[in-house]
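*Asks:* Please read through the structure below; I'll follow up with questions.
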Amino acid sequence: MPEHPLTAEVVSIGDEMTSGARLDTNAQWLSRRLGELGVEVIYHSTVGDSLQGNIDVFRIAAERTDVVVSTGGLGPTRDDLTRQAMAAAAGKPLEFRQTALDHINKMFAMRNREMPERNKVQAMFPVGSLQIFNPQGTAPGVDMTIQRNSGGNSRVFALPGVPAEMKRMFDDTVAPRVLEIRGQGRNHIEHYVMKFFGVGESDMEQRLGEMIDRDHVPRVGITVSSATISLRISAIGESAEECRRQIDATRNEILDRVGELHFGDGEDFEQYHAAERALVDRGECVVSVEFGRSAVLANWFASLGETSAYRGGFCWESIDNAAAFLGVNSESALEVLRVRCEADWVLAVDAYPSLDCNDDAPLPAAEVKLVVIDPAGKVFATTSRIGGHPSIIHERIGKAALSWLRRLLSEHHSQPDAASAPRS
């Protein structure tokens, strides 16, 4: 194992990156993953589609870090220069790999297309390099070692810029090879993601304490997206079983500290999945009603596809508009809608704030009323003050509504609390 912690540089390649035409989310993702492997990312570089520029970037990165991971420039067009740049940086010629060409041909055949002659360039590799298998696309990755002028080696991994392909190739191939560089036979890594809602990032960090320290084993990374907190447990060990034992112990400790905020596990698991699961388990269903100019709940529930848990979503400017449409008074509109839709529950947001402004500044916290009606027609209402950036405020409100619904679902057979109100 190296005497010092491994260091890394992430390189993003393409004119679309240097021009600002595309947001570089690959570098962010790779930095997080490398950190989970115990590798310290100390540089980010971005370079356009210039051969000399690419050669310079690879030479400099290899000279100053132990691991280099690049994305982009592995396509078949003339501006895809990563292979040539890596070869030049290492002082090696390119050579043809038949196994790579066979895979490229197979990918085109699966799409009922004939492979263009130009794609053969994707089967060229620097002499001495290894192929990184791409199960989803035609661009294989490149893994090669570059000797430093100052002594020692740097391991350089080149991956496609397509995020789905890049992520799969990193997790399947690059991560295990980075662990091999670290040595000590710890060449297994397992990830586990836990999801939370209902507290800010700083409060979550305070409650977790030393669990999110960089030297904690296993590593626990924290990220936030529209008020949803993800805790990613990354365990490294001599076997998959050892990794799972680390994850199980850490997961239980996290639940002991912040279990009341936890709503599910999995990279793509969201609160609407948790609500659906709870409703299906009960044999019940919900209808969503949203006032204002948004319908995030309806969009989320609709994304579930066919499900017995959802009766549909409605969006009106105000409760008065809904009452006029239903031909009833405002006080009884939501209950009438529940009965007419043959739904067990109603989940309503009153109301999403207007975003009709040119100001990109965060919106001040405003009162939003969240209403749930249960199968007996009992009304549960709570008022929250929710603010934030215009790009996320509606999602934050929708997530707060789902959290309110999930709480009431879990408490439904208990005595109602002070937040409940009698039906109008």
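Labeling convention for the structure tokens: chains A, B, ... as they appear, residues from 1 per chain, ligands from 1 in order of appearance.
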Check segment 175-325 of chain A with DSSP on the backbone and list each residue it calls strand (DSSP E), as JSON, numbers by chain.
*Replies:* {"A": [188, 189, 190, 191, 192, 193, 194, 195, 196, 197, 219, 220, 221, 222, 223, 224, 225, 228, 229, 230, 231, 232, 233, 234, 235, 236, 237, 262, 263, 264, 265, 286, 287, 288, 289, 290, 291, 310, 311, 312, 313, 314, 315, 316]}
*Asks:* Can you pull out every residue within 7 Å of segment 125-134 of chain A, counting only C-alpha atoms, but drop anything in the same chain fewer than 5 positions away, and send it as a list in words?
*Replies:*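 Those residues are Arg83, Ala87, Lys92, Pro93, Leu94, Glu95, Phe96, Ala139, Pro140, Gly141, Val142, Asp143, Met144, Glu165, Met169 and Thr173 of chain A.
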*Asks:* Selection from above, C-alpha atoms, as a PDB file, in the first residue's frame, can you write it?
*Replies:*
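Listed below is the output, part.pdb:
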ATOM      1  CA  ARG A  83      -6.770   7.873 -26.815  1.00  0.00           C
ATOM      2  CA  ALA A  87      -0.664   7.551 -25.760  1.00  0.00           C
ATOM      3  CA  LYS A  92       3.419   4.923 -26.410  1.00  0.00           C
ATOM      4  CA  PRO A  93       1.943   4.195 -29.846  1.00  0.00           C
ATOM      5  CA  LEU A  94      -1.651   3.097 -30.413  1.00  0.00           C
ATOM      6  CA  GLU A  95      -2.481  -0.502 -31.284  1.00  0.00           C
ATOM      7  CA  PHE A  96      -5.630  -2.279 -32.498  1.00  0.00           C
ATOM      8  CA  ALA A 139     -16.894   3.423 -26.265  1.00  0.00           C
ATOM      9  CA  PRO A 140     -14.588   1.183 -24.219  1.00  0.00           C
ATOM     10  CA  GLY A 141     -12.573   2.870 -21.509  1.00  0.00           C
ATOM     11  CA  VAL A 142      -8.795   2.921 -21.181  1.00  0.00           C
ATOM     12  CA  ASP A 143      -6.693   2.013 -18.141  1.00  0.00           C
ATOM     13  CA  MET A 144      -2.971   2.731 -18.361  1.00  0.00           C
ATOM     14  CA  GLU A 165     -22.051   4.514 -19.045  1.00  0.00           C
ATOM     15  CA  MET A 169     -17.883   1.392 -15.719  1.00  0.00           C
ATOM     16  CA  THR A 173     -14.158  -1.876 -13.082  1.00  0.00           C
TER      17      THR A 173
END
*Asks:* Taking 5 positions as the minimum chain separation for residues in the same chain, which residues sit within 10 Å of Thr25 of chain A when counting only C-alpha atoms? Answer as a list in words.
*Replies:*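 My reading of the contact set: Ser12, Leu30 and Pro163 of chain A.
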*Asks:* With N, CA and C atoms retained, export the selected residues as a PDB file, in the first residue's frame.
*Replies:*
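Heads up, here's the output in result-v6.pdb:
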ATOM      1  N   SER A  12     -12.152  16.575 -17.016  1.00  0.00           N
ATOM      2  CA  SER A  12     -13.346  16.621 -17.862  1.00  0.00           C
ATOM      3  C   SER A  12     -12.951  17.163 -19.226  1.00  0.00           C
ATOM      4  N   LEU A  30     -17.757  11.658  -9.641  1.00  0.00           N
ATOM      5  CA  LEU A  30     -16.501  10.925  -9.506  1.00  0.00           C
ATOM      6  C   LEU A  30     -15.747  11.319  -8.239  1.00  0.00           C
ATOM      7  N   PRO A 163     -23.105   9.909 -18.757  1.00  0.00           N
ATOM      8  CA  PRO A 163     -23.122   9.607 -17.322  1.00  0.00           C
ATOM      9  C   PRO A 163     -23.489   8.170 -16.984  1.00  0.00           C
TER      10      PRO A 163
END
*Asks:* Excluding segment 35-52 of chain A and residues on its chain fewer than 5 positions from it, collect all residues at most 6 Å away from it, counting only C-alpha atoms, and give them as a count of residues only.
*Replies:* 13
*Asks:* Would you return as a PyMOL selection string the members of segment 105-272 of chain A that DSSP assigns to helix (DSSP H, G or I) on this structure's backbone?
*Replies:* chain A and resi 105-110+117-123+163-182+201-212+240-261+271-272
*Asks:* Please, which residues in segment 235-341 of chain A fall within 9 Å of segment 370-382 of chain A when counting only C-alpha atoms, and what is the closest atom pair and distance in Å to one decimal for each, ordered by chain then residue number, as a Markdown table?
*Replies:*
| residue | atom | partner | partner_atom | distance |
| --- | --- | --- | --- | --- |
| A:Glu284 | CA | A:Pro375 | CA | 8.8 |
| A:Leu334 | CA | A:Ile373 | CA | 8.0 |
| A:Glu335 | CA | A:Gly377 | CA | 6.6 |
| A:Arg338 | CA | A:Ile373 | CA | 8.2 |
*Asks:* Take the residues just selected and output them with C-alpha atoms as a PDB file, in the first residue's frame.
*Replies:*
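In the end it all went to part-v9.pdb:
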ATOM      1  CA  GLU A 284     -55.796   1.872   0.502  1.00  0.00           C
ATOM      2  CA  LEU A 334     -61.847  18.077  -0.435  1.00  0.00           C
ATOM      3  CA  GLU A 335     -64.127  15.556   1.277  1.00  0.00           C
ATOM      4  CA  ARG A 338     -62.386  12.038  -1.856  1.00  0.00           C
TER       5      ARG A 338
END
*Asks:* With a distance cut-off of 8 Å and only C-alpha atoms, select the neighbouring residues of Pro76 of chain A, excluding the residue or stretch itself and same-chain residues fewer than 4 positions from it, and output the selection as a ChimeraX atom specification.
*Replies:* /A:80,118-122
*Asks:* Contacts of Ser226 of chain A at 9 Å or less, counting only C-alpha atoms, minus same-chain residues fewer than 3 places along, as a list in words?
*Replies:*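 Near Ser226 of chain A, the qualifying residues are Ile229, Ser391, Ile392, Ile393, Glu395, Arg396 and Lys399 of chain A.
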*Asks:* How would the residues just chosen look if you wrote them out with N, CA and C atoms as a compact mmCIF listing (two decimals), in the first residue's frame?
*Replies:*
# COMPACT_ATOMS: atom_id res chain seq x y z
N ILE A 229 -32.15 14.26 2.34
CA ILE A 229 -30.77 13.94 2.73
C ILE A 229 -30.50 12.48 2.42
N SER A 391 -35.86 27.23 -7.75
CA SER A 391 -35.70 25.97 -8.49
C SER A 391 -36.10 24.75 -7.66
N ILE A 392 -36.17 24.89 -6.33
CA ILE A 392 -36.46 23.73 -5.48
C ILE A 392 -37.63 23.92 -4.54
N ILE A 393 -38.18 25.15 -4.46
CA ILE A 393 -39.18 25.42 -3.43
C ILE A 393 -40.42 24.55 -3.57
N GLU A 395 -40.64 21.56 -4.91
CA GLU A 395 -40.31 20.19 -4.51
C GLU A 395 -40.23 20.08 -2.98
N ARG A 396 -39.68 21.08 -2.33
CA ARG A 396 -39.61 21.05 -0.86
C ARG A 396 -41.00 21.00 -0.25
N LYS A 399 -42.50 17.54 -0.81
CA LYS A 399 -41.90 16.55 0.08
C LYS A 399 -42.41 16.71 1.51
*Asks:* For Pro160 of chain A, which residue among A:Glu201, A:Val69, A:His103, A:His191 is the nearest when counting only C-alpha atoms?
*Replies:*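 Using only C-alpha atoms, the shortest distance to Pro160 of chain A belongs to A:Val69.
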*Asks:* Between atom CA of Val67 of chain A and atom CA of Ile104 of chain A, measure the distance and give it in Å to one decimal.
*Replies:* 27.3 Å
*Asks:* Which residues come within 9 Å of segment 260-267 of chain A, counting only C-alpha atoms, excluding same-chain residues fewer than 3 positions away, as number ranges by chain?
*Replies:* A: 192-199, 230, 232, 255-257, 270-271, 273-274, 403, 406
*Asks:* With distances taken over only C-alpha atoms, which of A:Ser31, A:Ser154, A:Ser225, A:Gln98 is nearest to Ala61 of chain A?
*Replies:* A:Ser154
*Asks:* For a quick check of understanding, using only C-alpha atoms, which of A:Leu409, A:Met110, A:Ala298, A:Ile189 has the smallest distance to Glu241 of chain A?
*Replies:*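 Of A:Leu409, A:Met110, A:Ala298, A:Ile189, the one nearest Glu241 of chain A is A:Ile189, counting only C-alpha atoms.
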